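Dropping protein_24.cif in here (mmCIF, C-alpha atoms and all ligand atoms):
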```cif
data_final
#
loop_
_atom_site.label_atom_id
_atom_site.label_comp_id
_atom_site.auth_asym_id
_atom_site.auth_seq_id
_atom_site.Cartn_x
_atom_site.Cartn_y
_atom_site.Cartn_z
CA MET A 1436 0.00 0.00 0.00
CA ARG A 1437 1.17 3.49 -0.84
CA LEU A 1438 1.86 5.87 2.02
CA LEU A 1439 0.36 8.81 0.14
CA GLU A 1440 -1.64 8.69 -3.05
CA VAL A 1441 -3.10 11.89 -4.46
CA ASN A 1442 -5.40 11.65 -7.45
CA ASP A 1443 -6.88 14.54 -9.40
CA LEU A 1444 -6.65 16.87 -6.42
CA THR A 1445 -8.38 20.12 -7.37
CA VAL A 1446 -8.58 23.15 -5.11
CA THR A 1447 -10.85 26.01 -6.07
CA LEU A 1448 -11.10 29.50 -4.67
CA ASN A 1449 -14.70 30.66 -4.51
CA VAL A 1450 -15.47 34.35 -4.34
CA GLY A 1451 -19.14 35.18 -4.72
CA GLU A 1452 -20.30 33.72 -8.00
CA ARG A 1453 -16.81 33.32 -9.39
CA SER A 1454 -14.33 30.55 -8.85
CA ALA A 1455 -10.69 30.07 -9.78
CA THR A 1456 -8.74 26.83 -9.88
CA ILE A 1457 -5.60 27.04 -7.73
CA VAL A 1458 -4.65 23.36 -7.98
CA ASP A 1459 -5.86 21.52 -11.07
CA LYS A 1460 -6.09 17.71 -11.08
CA LEU A 1461 -2.81 17.11 -9.31
CA SER A 1462 -1.77 13.48 -8.92
CA LEU A 1463 1.26 12.18 -7.07
CA THR A 1464 2.40 9.23 -4.99
CA LEU A 1465 4.89 8.97 -2.17
CA ASP A 1466 6.20 5.82 -0.50
CA ARG A 1467 7.69 5.36 2.97
CA GLY A 1468 11.09 6.87 3.52
CA ARG A 1469 11.20 8.58 0.15
CA CYS A 1470 11.44 12.25 -0.77
CA LEU A 1471 9.18 13.82 -3.37
CA GLY A 1472 10.00 17.32 -4.56
CA LEU A 1473 7.16 19.63 -5.55
CA VAL A 1474 8.71 22.46 -7.52
CA GLY A 1475 7.36 25.54 -9.23
CA GLU A 1476 7.50 29.31 -9.24
CA SER A 1477 5.83 31.34 -6.54
CA GLY A 1478 2.05 31.27 -7.00
CA SER A 1479 1.97 27.89 -8.74
CA GLY A 1480 -0.17 26.35 -5.98
CA LYS A 1481 2.45 24.36 -4.03
CA SER A 1482 1.43 25.50 -0.55
CA THR A 1483 -2.26 25.16 -1.35
CA ALA A 1484 -1.73 21.59 -2.52
CA ALA A 1485 0.21 20.83 0.69
CA MET A 1486 -2.51 22.32 2.88
CA ALA A 1487 -5.10 20.19 1.08
CA VAL A 1488 -3.00 17.09 1.70
CA ILE A 1489 -2.69 17.72 5.44
CA GLY A 1490 -6.32 18.88 5.65
CA LEU A 1491 -5.64 22.47 6.70
CA LEU A 1492 -7.41 24.36 3.92
CA GLY A 1493 -9.81 25.59 6.54
CA HIS A 1494 -13.46 26.35 6.11
CA GLY A 1495 -13.00 29.59 4.18
CA ASN A 1496 -13.38 30.10 0.46
CA LEU A 1497 -11.14 27.22 -0.63
CA SER A 1498 -12.55 23.81 -1.41
CA ALA A 1499 -10.81 20.58 -2.38
CA ARG A 1500 -12.04 17.76 -4.63
CA GLY A 1501 -10.43 14.58 -5.84
CA SER A 1502 -8.68 12.04 -3.68
CA VAL A 1503 -5.97 12.16 -1.01
CA ARG A 1504 -5.32 8.71 0.40
CA PHE A 1505 -2.98 8.27 3.34
CA GLN A 1506 -2.16 4.61 4.07
CA GLY A 1507 -5.20 3.73 2.02
CA ALA A 1508 -7.68 5.95 3.91
CA GLU A 1509 -9.41 8.77 2.05
CA LEU A 1510 -8.86 12.19 3.64
CA ILE A 1511 -10.85 14.45 1.34
CA ASP A 1512 -14.20 15.03 3.03
CA ALA A 1513 -13.12 12.84 5.95
CA PRO A 1514 -14.53 13.97 9.31
CA ALA A 1515 -12.45 16.73 10.93
CA ARG A 1516 -11.49 14.45 13.79
CA THR A 1517 -9.93 11.92 11.38
CA GLN A 1518 -7.83 14.67 9.86
CA ARG A 1519 -6.95 16.12 13.26
CA GLY A 1520 -5.88 12.66 14.42
CA LEU A 1521 -3.30 12.55 11.64
CA GLN A 1522 -2.17 16.17 11.78
CA GLY A 1523 0.96 16.51 13.83
CA ARG A 1524 1.12 12.78 14.49
CA ASP A 1525 1.37 10.72 11.31
CA ILE A 1526 1.55 13.78 9.05
CA ALA A 1527 3.51 16.81 10.19
CA MET A 1528 4.41 20.05 8.47
CA ILE A 1529 7.10 22.71 8.68
CA PHE A 1530 7.10 26.12 7.04
CA GLN A 1531 9.44 28.72 5.65
CA ASP A 1532 9.37 31.18 8.53
CA PRO A 1533 9.89 29.59 11.95
CA MET A 1534 9.80 32.98 13.70
CA SER A 1535 6.15 33.55 12.83
CA ALA A 1536 5.23 30.04 13.99
CA LEU A 1537 6.87 30.46 17.40
CA ASN A 1538 5.46 32.50 20.26
CA PRO A 1539 8.05 35.20 20.98
CA VAL A 1540 7.21 35.49 24.68
CA GLN A 1541 7.17 31.80 25.58
CA ARG A 1542 10.20 29.60 26.31
CA ILE A 1543 11.06 27.03 23.62
CA GLY A 1544 10.60 24.13 26.04
CA ASP A 1545 7.13 25.25 27.10
CA GLN A 1546 6.09 25.62 23.45
CA ILE A 1547 7.18 22.11 22.53
CA VAL A 1548 5.59 20.67 25.67
CA GLU A 1549 2.31 22.48 24.93
CA CYS A 1550 2.34 21.22 21.36
CA VAL A 1551 3.01 17.64 22.53
CA ARG A 1552 0.22 17.77 25.10
CA ALA A 1553 -2.22 19.15 22.53
CA HIS A 1554 -1.83 15.84 20.69
CA GLU A 1555 -1.64 13.38 23.52
CA THR A 1556 -2.64 13.20 27.18
CA LEU A 1557 0.72 13.13 28.87
CA SER A 1558 2.08 14.49 32.13
CA LYS A 1559 4.27 17.55 31.91
CA LYS A 1560 7.28 15.38 32.80
CA GLU A 1561 6.55 12.88 30.03
CA ALA A 1562 6.05 15.66 27.51
CA GLN A 1563 9.31 17.30 28.62
CA ALA A 1564 11.14 14.03 28.11
CA LEU A 1565 9.75 13.79 24.55
CA ALA A 1566 10.72 17.40 23.88
CA LEU A 1567 14.29 16.80 25.04
CA GLU A 1568 14.55 13.66 22.94
CA ALA A 1569 13.29 15.52 19.86
CA LEU A 1570 15.69 18.43 20.38
CA LYS A 1571 18.55 15.96 20.68
CA ARG A 1572 17.45 14.18 17.53
CA VAL A 1573 17.55 17.40 15.49
CA GLY A 1574 21.09 18.09 16.68
CA MET A 1575 20.45 20.94 19.10
CA PRO A 1576 23.42 21.53 21.37
CA ASP A 1577 22.59 21.32 25.09
CA PRO A 1578 18.84 20.58 24.79
CA PRO A 1579 18.00 21.34 28.46
CA ALA A 1580 19.48 24.85 28.10
CA MET A 1581 17.65 25.32 24.76
CA MET A 1582 14.36 24.51 26.46
CA ARG A 1583 14.79 27.56 28.69
CA ARG A 1584 15.50 30.01 25.87
CA TYR A 1585 13.17 32.37 24.02
CA PRO A 1586 12.90 32.32 20.20
CA HIS A 1587 14.84 35.58 19.76
CA GLN A 1588 17.81 34.05 21.59
CA LEU A 1589 18.17 31.46 18.81
CA SER A 1590 19.64 31.78 15.33
CA GLY A 1591 17.44 31.28 12.27
CA GLY A 1592 18.84 27.79 11.75
CA GLN A 1593 18.24 26.86 15.40
CA ARG A 1594 14.67 28.12 15.20
CA GLN A 1595 14.06 25.92 12.17
CA ARG A 1596 15.56 22.99 14.12
CA VAL A 1597 13.06 23.70 16.91
CA MET A 1598 10.21 23.62 14.38
CA ILE A 1599 11.53 20.33 13.01
CA ALA A 1600 11.83 18.97 16.57
CA MET A 1601 8.15 19.84 17.20
CA ALA A 1602 7.18 18.21 13.92
CA ILE A 1603 8.99 14.92 14.60
CA VAL A 1604 8.10 14.40 18.28
CA PHE A 1605 5.66 11.65 17.33
CA LYS A 1606 7.87 10.24 14.56
CA PRO A 1607 5.49 11.05 11.70
CA LYS A 1608 5.36 8.87 8.61
CA LEU A 1609 5.11 11.93 6.39
CA LEU A 1610 6.73 15.33 6.81
CA ILE A 1611 5.58 18.13 4.55
CA ALA A 1612 8.34 20.73 4.35
CA ASP A 1613 7.12 23.93 2.68
CA GLU A 1614 10.17 25.95 1.57
CA PRO A 1615 11.93 24.96 4.80
CA THR A 1616 15.22 26.66 3.93
CA THR A 1617 14.15 29.62 1.79
CA ALA A 1618 14.67 32.11 4.63
CA LEU A 1619 18.10 30.73 5.59
CA ASP A 1620 21.56 31.48 4.25
CA LEU A 1621 23.27 28.85 2.12
CA THR A 1622 25.45 27.15 4.76
CA ILE A 1623 22.56 26.80 7.20
CA GLN A 1624 20.30 25.70 4.34
CA ALA A 1625 22.67 22.81 3.59
CA GLN A 1626 22.70 21.80 7.28
CA ILE A 1627 18.91 21.78 7.53
CA LEU A 1628 18.58 19.76 4.33
CA ALA A 1629 21.15 17.26 5.62
CA LEU A 1630 19.14 17.02 8.84
CA LEU A 1631 15.92 16.31 6.92
CA LYS A 1632 17.72 13.57 4.98
CA GLN A 1633 19.09 12.04 8.18
CA LEU A 1634 15.67 12.11 9.89
CA SER A 1635 14.02 10.59 6.85
CA ARG A 1636 16.49 7.71 7.03
CA GLU A 1637 16.38 7.24 10.82
CA LEU A 1638 12.59 7.41 11.12
CA ASP A 1639 11.76 5.87 7.72
CA MET A 1640 9.83 9.10 7.20
CA ALA A 1641 8.65 10.26 3.78
CA VAL A 1642 9.25 13.92 2.93
CA LEU A 1643 7.12 16.03 0.62
CA LEU A 1644 9.59 18.81 -0.08
CA ILE A 1645 8.16 22.01 -1.50
CA THR A 1646 10.55 24.48 -3.08
CA HIS A 1647 11.08 26.83 -5.98
CA ASP A 1648 14.74 25.80 -6.02
CA LEU A 1649 15.75 23.02 -8.41
CA GLY A 1650 19.15 22.85 -6.72
CA VAL A 1651 17.49 21.76 -3.47
CA ILE A 1652 15.39 19.23 -5.39
CA SER A 1653 18.36 17.69 -7.17
CA ASP A 1654 20.14 17.18 -3.82
CA MET A 1655 17.18 15.82 -1.94
CA ALA A 1656 14.34 14.36 -3.97
CA ASP A 1657 14.01 10.85 -5.34
CA ASP A 1658 11.08 11.94 -7.46
CA ILE A 1659 9.81 15.29 -8.66
CA VAL A 1660 6.58 16.94 -9.71
CA VAL A 1661 6.88 20.22 -11.61
CA LEU A 1662 3.89 22.47 -11.05
CA TYR A 1663 2.93 25.32 -13.37
CA ALA A 1664 -0.17 27.42 -12.77
CA GLY A 1665 -1.64 24.70 -10.57
CA ARG A 1666 -1.02 21.83 -12.97
CA SER A 1667 1.60 19.13 -13.00
CA VAL A 1668 3.51 19.70 -16.26
CA GLU A 1669 6.18 17.07 -15.66
CA SER A 1670 6.90 14.29 -13.19
CA GLY A 1671 9.19 11.31 -12.72
CA ARG A 1672 12.42 10.22 -11.12
CA THR A 1673 14.48 13.31 -10.32
CA ALA A 1674 17.47 12.19 -12.38
CA ASP A 1675 15.28 11.40 -15.42
CA VAL A 1676 13.46 14.71 -15.25
CA LEU A 1677 16.55 16.84 -14.69
CA ASP A 1678 18.74 15.01 -17.23
CA HIS A 1679 16.05 14.64 -19.90
CA PRO A 1680 13.41 17.30 -19.27
CA GLY A 1681 10.42 16.80 -21.53
CA HIS A 1682 8.53 20.03 -20.91
CA PRO A 1683 9.72 23.46 -22.10
CA TYR A 1684 8.93 24.87 -18.66
CA THR A 1685 11.20 22.37 -16.92
CA ARG A 1686 13.94 23.18 -19.43
CA GLY A 1687 13.40 26.86 -18.71
CA LEU A 1688 13.74 26.28 -14.96
CA LEU A 1689 16.96 24.35 -15.58
CA ALA A 1690 18.37 27.04 -17.82
CA ALA A 1691 17.73 29.54 -15.04
CA HIS A 1692 19.82 27.36 -12.72
CA PRO A 1693 23.30 26.99 -14.26
CA SER A 1694 24.77 24.91 -11.43
CA ILE A 1695 22.49 22.03 -12.45
CA ASP A 1696 22.45 22.50 -16.19
CA GLN A 1697 26.20 22.59 -16.63
CA ALA A 1698 25.86 23.24 -20.33
CA THR A 1699 24.43 26.67 -19.65
CA GLU A 1700 26.94 29.24 -18.49
CA ARG A 1701 24.57 32.17 -18.17
CA LEU A 1702 21.47 32.53 -16.10
CA ASN A 1703 18.55 32.45 -18.51
CA PRO A 1704 15.36 33.23 -16.68
CA ILE A 1705 12.19 32.33 -18.55
CA ALA A 1706 10.78 35.44 -20.20
CA GLY A 1707 7.37 36.58 -19.04
CA MET A 1708 5.32 35.83 -15.96
CA PRO A 1709 3.04 32.98 -14.90
CA PRO A 1710 -0.60 33.76 -15.70
CA PRO A 1711 -2.61 35.41 -12.93
CA LEU A 1712 -4.95 33.14 -11.02
CA TRP A 1713 -8.10 34.80 -12.37
CA ASP A 1714 -6.86 34.94 -15.94
CA ARG A 1715 -5.48 31.53 -16.81
CA PRO A 1716 -5.29 30.90 -20.56
CA GLN A 1717 -7.22 28.17 -22.31
CA GLY A 1718 -5.12 25.15 -23.20
CA CYS A 1719 -1.55 24.87 -21.95
CA ALA A 1720 -0.97 27.56 -19.30
CA PHE A 1721 2.67 27.84 -20.35
CA ALA A 1722 1.84 28.51 -24.02
CA PRO A 1723 2.11 32.34 -23.78
CA ARG A 1724 5.73 31.98 -22.58
CA CYS A 1725 6.70 29.01 -24.73
CA ASP A 1726 9.18 29.29 -27.62
CA HIS A 1727 7.68 26.22 -29.29
CA VAL A 1728 4.01 27.08 -29.07
CA GLN A 1729 1.75 25.42 -31.69
CA PRO A 1730 -1.81 26.39 -32.58
CA THR A 1731 -3.30 23.41 -30.67
CA CYS A 1732 -1.46 24.41 -27.48
CA THR A 1733 -3.81 27.31 -26.91
CA GLN A 1734 -6.90 25.21 -27.62
CA ARG A 1735 -6.72 22.37 -25.14
CA VAL A 1736 -4.70 21.22 -22.16
CA PRO A 1737 -2.15 18.68 -23.38
CA ASP A 1738 -2.37 15.16 -21.94
CA PRO A 1739 0.65 13.76 -20.11
CA VAL A 1740 2.94 11.89 -22.51
CA ALA A 1741 5.03 8.95 -21.24
CA LEU A 1742 8.71 9.47 -21.97
CA GLY A 1743 11.60 7.01 -22.24
CA THR A 1744 11.89 5.92 -18.61
CA PRO A 1745 9.11 4.42 -16.46
CA GLY A 1746 7.05 6.99 -14.59
CA HIS A 1747 8.42 9.95 -16.53
CA LEU A 1748 5.54 12.07 -17.85
CA ALA A 1749 5.40 15.47 -19.51
CA ALA A 1750 2.23 17.34 -20.46
CA CYS A 1751 3.41 18.80 -23.74
CA ILE A 1752 2.43 17.93 -27.30
CA LEU A 1753 6.12 18.05 -28.26
CA ALA A 1754 7.29 15.82 -25.39
CA GLY A 1755 9.09 12.78 -26.69
CA ASN A 1756 9.94 14.54 -29.92
CA THR A 1757 13.69 14.27 -29.45
CA GLU A 1758 14.59 16.61 -32.30
CA THR A 1759 12.67 19.47 -30.72
CA VAL A 1760 14.10 18.67 -27.31
CA ALA A 1761 17.65 18.64 -28.65
CA ALA A 1762 17.15 21.91 -30.48
CA THR A 1763 16.14 23.72 -27.33
CA ARG A 1764 18.93 22.51 -25.04
N1 LIG B 1 -7.00 31.67 0.72
C1 LIG B 1 -6.69 32.21 -0.47
N2 LIG B 1 -7.40 33.26 -0.95
C2 LIG B 1 -7.11 33.82 -2.14
N3 LIG B 1 -6.12 33.39 -2.94
C3 LIG B 1 -5.37 32.37 -2.53
C4 LIG B 1 -5.61 31.72 -1.27
N4 LIG B 1 -4.70 30.73 -1.13
C5 LIG B 1 -3.92 30.76 -2.24
N5 LIG B 1 -4.33 31.73 -3.10
C6 LIG B 1 -3.75 32.04 -4.42
O1 LIG B 1 -3.48 30.82 -5.06
C7 LIG B 1 -2.29 30.88 -5.82
C8 LIG B 1 -1.32 29.83 -5.37
O2 LIG B 1 -0.86 30.13 -4.07
P1 LIG B 1 0.16 29.18 -3.26
O3 LIG B 1 -0.45 27.83 -3.10
O4 LIG B 1 0.54 29.91 -2.03
O5 LIG B 1 1.39 29.09 -4.27
P2 LIG B 1 2.92 28.74 -3.98
O6 LIG B 1 3.00 28.07 -2.64
O7 LIG B 1 3.32 27.85 -5.11
O8 LIG B 1 3.66 30.03 -4.03
C9 LIG B 1 -1.76 32.31 -5.65
O9 LIG B 1 -2.23 33.07 -6.74
C10 LIG B 1 -2.41 32.73 -4.36
O10 LIG B 1 -2.56 34.12 -4.30
MG MG B 2 4.12 28.60 -0.98
#
```
Show the structure stored in the file as structure tokens.
Amino acid sequence: MRLLEVNDLTVTLNVGERSATIVDKLSLTLDRGRCLGLVGESGSGKSTAAMAVIGLLGHGNLSARGSVRFQGAELIDAPARTQRGLQGRDIAMIFQDPMSALNPVQRIGDQIVECVRAHETLSKKEAQALALEALKRVGMPDPPAMMRRYPHQLSGGQRQRVMIAMAIVFKPKLLIADEPTTALDLTIQAQILALLKQLSRELDMAVLLITHDLGVISDMADDIVVLYAGRSVESGRTADVLDHPGHPYTRGLLAAHPSIDQATERLNPIAGMPPPLWDRPQGCAFAPRCDHVQPTCTQRVPDPVALGTPGHLAACILAGNTETVAATR
């Protein structure tokens, strides 16, 4: 059985009579202990998809359809208590900005203990023991002293370690990490990513890693889903996708990241902007920015095409046409 299986997940934003599709028929799978990278520019719907998976879309103007199965059990439209039972226990999440998630006037130890006791009836002592264990696991120096500190007395990297400690107290089977290192400088970023890798191995924990940074993906992810304007445009094993990208958007992302695409010396950002949420084009959403656009591209959304290696899909009418691919590299 798959740990996580998402099929045709669609999230719509409803404002009065109008609705916009933020996530459009997203499908992905994730097995125990593996890391799946969800990559795309800002606004592509990554965080919204993650919130739908963990069941935190809230009751506002967002609604989710499709299927999110965790260990075989359907979570979309599941009773709130089923979702709450998983949140923070079997499925945990960390975010970009640990400072805004921490209470500035409460000691670190008390915050972790409170969070632990919100999920399980434990004595303060038992919860403290779990907190210390988690802080040790995430490589915090002198955990007892850390427990007594306030968030502002910690560095950015240490604060993110605290957030990770809170997330892994109950040894979740799935950790959703939403841009976990975007706010950190490069050295600290590398340390946090190494920590996530180590925890994934030690706890046999799957990681859904959300980022706009292909460099992070190529270091971390076994598999990758490339999101553009709410749709998966390419997916597969990370090495297959990065070495043989089938979608012009993926190639554009690679060209904008010279350390991965060694052939490119210069940074070549993709010209233009992603379409605004309320004004998505008909057909392929990338067509207005695509150098290879064909008349049919603007008429209907291209189906995913299977490429050379198993599981590698690209939603482009030119995918698999090796001459075109070669010409654009
Ligand atoms: N609650 C909301 N109300 C209005 N718009 C939203 C809401 N949540 C997300 N959006 C919009 O949906 C799009 C995708 O957002 P998001 O999932 O945060 O993208 P990403 O994480 O890839 O940057 C953006 O245009 C964003 O403004
Ligand atoms: Mg986001």
Identify, counting only C-alpha atoms and all ligand atoms, the protein, DNA and RNA residues located within 7 Å of ligand LIG 1 (chain B), and give them as a ChimeraX atom specification.
/A:1448,1457,1475-1484,1496-1497,1711-1712
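Non-sequential neighbours of Gly1472 (chain A) (distance at most 8 Å, separation of 2 or more positions within a chain, all atoms listed in the file) are A:Cys1470, A:Val1474, A:Leu1643, A:Leu1644, A:Ile1645, A:Thr1646, A:Ile1652, A:Met1655, A:Ala1656, A:Asp1657, A:Asp1658, A:Ile1659, A:Val1660.
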Those residues with C-alpha atoms, as a PDB file, in the frame of the given file please?
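result.pdb, written as the output of this step:
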```
ATOM      1  CA  CYS A1470      11.440  12.250  -0.770  1.00  0.00           C
ATOM      2  CA  VAL A1474       8.710  22.460  -7.520  1.00  0.00           C
ATOM      3  CA  LEU A1643       7.120  16.030   0.620  1.00  0.00           C
ATOM      4  CA  LEU A1644       9.590  18.810  -0.080  1.00  0.00           C
ATOM      5  CA  ILE A1645       8.160  22.010  -1.500  1.00  0.00           C
ATOM      6  CA  THR A1646      10.550  24.480  -3.080  1.00  0.00           C
ATOM      7  CA  ILE A1652      15.390  19.230  -5.390  1.00  0.00           C
ATOM      8  CA  MET A1655      17.180  15.820  -1.940  1.00  0.00           C
ATOM      9  CA  ALA A1656      14.340  14.360  -3.970  1.00  0.00           C
ATOM     10  CA  ASP A1657      14.010  10.850  -5.340  1.00  0.00           C
ATOM     11  CA  ASP A1658      11.080  11.940  -7.460  1.00  0.00           C
ATOM     12  CA  ILE A1659       9.810  15.290  -8.660  1.00  0.00           C
ATOM     13  CA  VAL A1660       6.580  16.940  -9.710  1.00  0.00           C
TER      14      VAL A1660
END
```
Using all atoms listed in the file, which of the listed residues (A:His1679, A:Leu1567, A:Gln1522, A:Met1486) sits closest to ligand MG 2 (chain B)?
A:Met1486
Show which residues sit within 7 Å of Arg1636 (chain A), as a list in words. Count only C-alpha atoms, and ignore same-chain residues fewer than 4 positions away.
Gly1468, Lys1632 and Met1640 of chain A
Test item: which residues lie within 12 Å of (-7.2, 18.0, -6.4) counting only C-alpha atoms, as a PDB file with C-alpha atoms, in the coordinates of the input:
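Final output, selection-v5.pdb:
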```
ATOM      1  CA  GLU A1440      -1.640   8.690  -3.050  1.00  0.00           C
ATOM      2  CA  VAL A1441      -3.100  11.890  -4.460  1.00  0.00           C
ATOM      3  CA  ASN A1442      -5.400  11.650  -7.450  1.00  0.00           C
ATOM      4  CA  ASP A1443      -6.880  14.540  -9.400  1.00  0.00           C
ATOM      5  CA  LEU A1444      -6.650  16.870  -6.420  1.00  0.00           C
ATOM      6  CA  THR A1445      -8.380  20.120  -7.370  1.00  0.00           C
ATOM      7  CA  VAL A1446      -8.580  23.150  -5.110  1.00  0.00           C
ATOM      8  CA  THR A1447     -10.850  26.010  -6.070  1.00  0.00           C
ATOM      9  CA  THR A1456      -8.740  26.830  -9.880  1.00  0.00           C
ATOM     10  CA  ILE A1457      -5.600  27.040  -7.730  1.00  0.00           C
ATOM     11  CA  VAL A1458      -4.650  23.360  -7.980  1.00  0.00           C
ATOM     12  CA  ASP A1459      -5.860  21.520 -11.070  1.00  0.00           C
ATOM     13  CA  LYS A1460      -6.090  17.710 -11.080  1.00  0.00           C
ATOM     14  CA  LEU A1461      -2.810  17.110  -9.310  1.00  0.00           C
ATOM     15  CA  SER A1462      -1.770  13.480  -8.920  1.00  0.00           C
ATOM     16  CA  LEU A1463       1.260  12.180  -7.070  1.00  0.00           C
ATOM     17  CA  GLY A1480      -0.170  26.350  -5.980  1.00  0.00           C
ATOM     18  CA  LYS A1481       2.450  24.360  -4.030  1.00  0.00           C
ATOM     19  CA  THR A1483      -2.260  25.160  -1.350  1.00  0.00           C
ATOM     20  CA  ALA A1484      -1.730  21.590  -2.520  1.00  0.00           C
ATOM     21  CA  ALA A1485       0.210  20.830   0.690  1.00  0.00           C
ATOM     22  CA  MET A1486      -2.510  22.320   2.880  1.00  0.00           C
ATOM     23  CA  ALA A1487      -5.100  20.190   1.080  1.00  0.00           C
ATOM     24  CA  VAL A1488      -3.000  17.090   1.700  1.00  0.00           C
ATOM     25  CA  LEU A1497     -11.140  27.220  -0.630  1.00  0.00           C
ATOM     26  CA  SER A1498     -12.550  23.810  -1.410  1.00  0.00           C
ATOM     27  CA  ALA A1499     -10.810  20.580  -2.380  1.00  0.00           C
ATOM     28  CA  ARG A1500     -12.040  17.760  -4.630  1.00  0.00           C
ATOM     29  CA  GLY A1501     -10.430  14.580  -5.840  1.00  0.00           C
ATOM     30  CA  SER A1502      -8.680  12.040  -3.680  1.00  0.00           C
ATOM     31  CA  VAL A1503      -5.970  12.160  -1.010  1.00  0.00           C
ATOM     32  CA  ARG A1504      -5.320   8.710   0.400  1.00  0.00           C
ATOM     33  CA  LEU A1510      -8.860  12.190   3.640  1.00  0.00           C
ATOM     34  CA  ILE A1511     -10.850  14.450   1.340  1.00  0.00           C
ATOM     35  CA  GLY A1665      -1.640  24.700 -10.570  1.00  0.00           C
ATOM     36  CA  ARG A1666      -1.020  21.830 -12.970  1.00  0.00           C
ATOM     37  CA  SER A1667       1.600  19.130 -13.000  1.00  0.00           C
TER      38      SER A1667
END
```
Between A:Leu1634, A:Leu1621, A:Leu1473, A:Ile1599, which has the minimum distance to ligand MG 2 (chain B) (counting only C-alpha atoms and all ligand atoms)?
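So, comparing all the options, the nearest one is A:Leu1473.
Nearest-residue note for ligand MG 2 (chain B): choosing from A:Gly1591, A:Pro1615, A:Gly1650, A:Pro1716, the minimum distance belongs to A:Pro1615, counting all atoms listed in the file.
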Please determine, counting only C-alpha atoms and all ligand atoms, which residue among A:Gln1518, A:Gln1588, A:Gln1531, A:Thr1464 has the shortest atom-to-atom distance to ligand MG 2 (chain B).
A:Gln1531
Between CA of Pro1745 (chain A) and CA of Ser1653 (chain A), measure the distance and give it in Å to one decimal.
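Pair CA of Pro1745 (chain A) / CA of Ser1653 (chain A) returns 18.7 Å.
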Out of A:Met1534, A:Leu1570, A:Ala1580, A:Leu1748, which residue has the shortest atom-to-atom distance to Arg1672 (chain A) when counting all atoms listed in the file?
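That would be A:Leu1748, the residue with the smallest distance to Arg1672 (chain A).
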Between A:Ala1691, A:Leu1471, A:Leu1557, A:Ile1529, which is the closest to ligand MG 2 (chain B) once you count only C-alpha atoms and all ligand atoms?
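Ranked by minimum distance to ligand MG 2 (chain B), first place goes to A:Ile1529.
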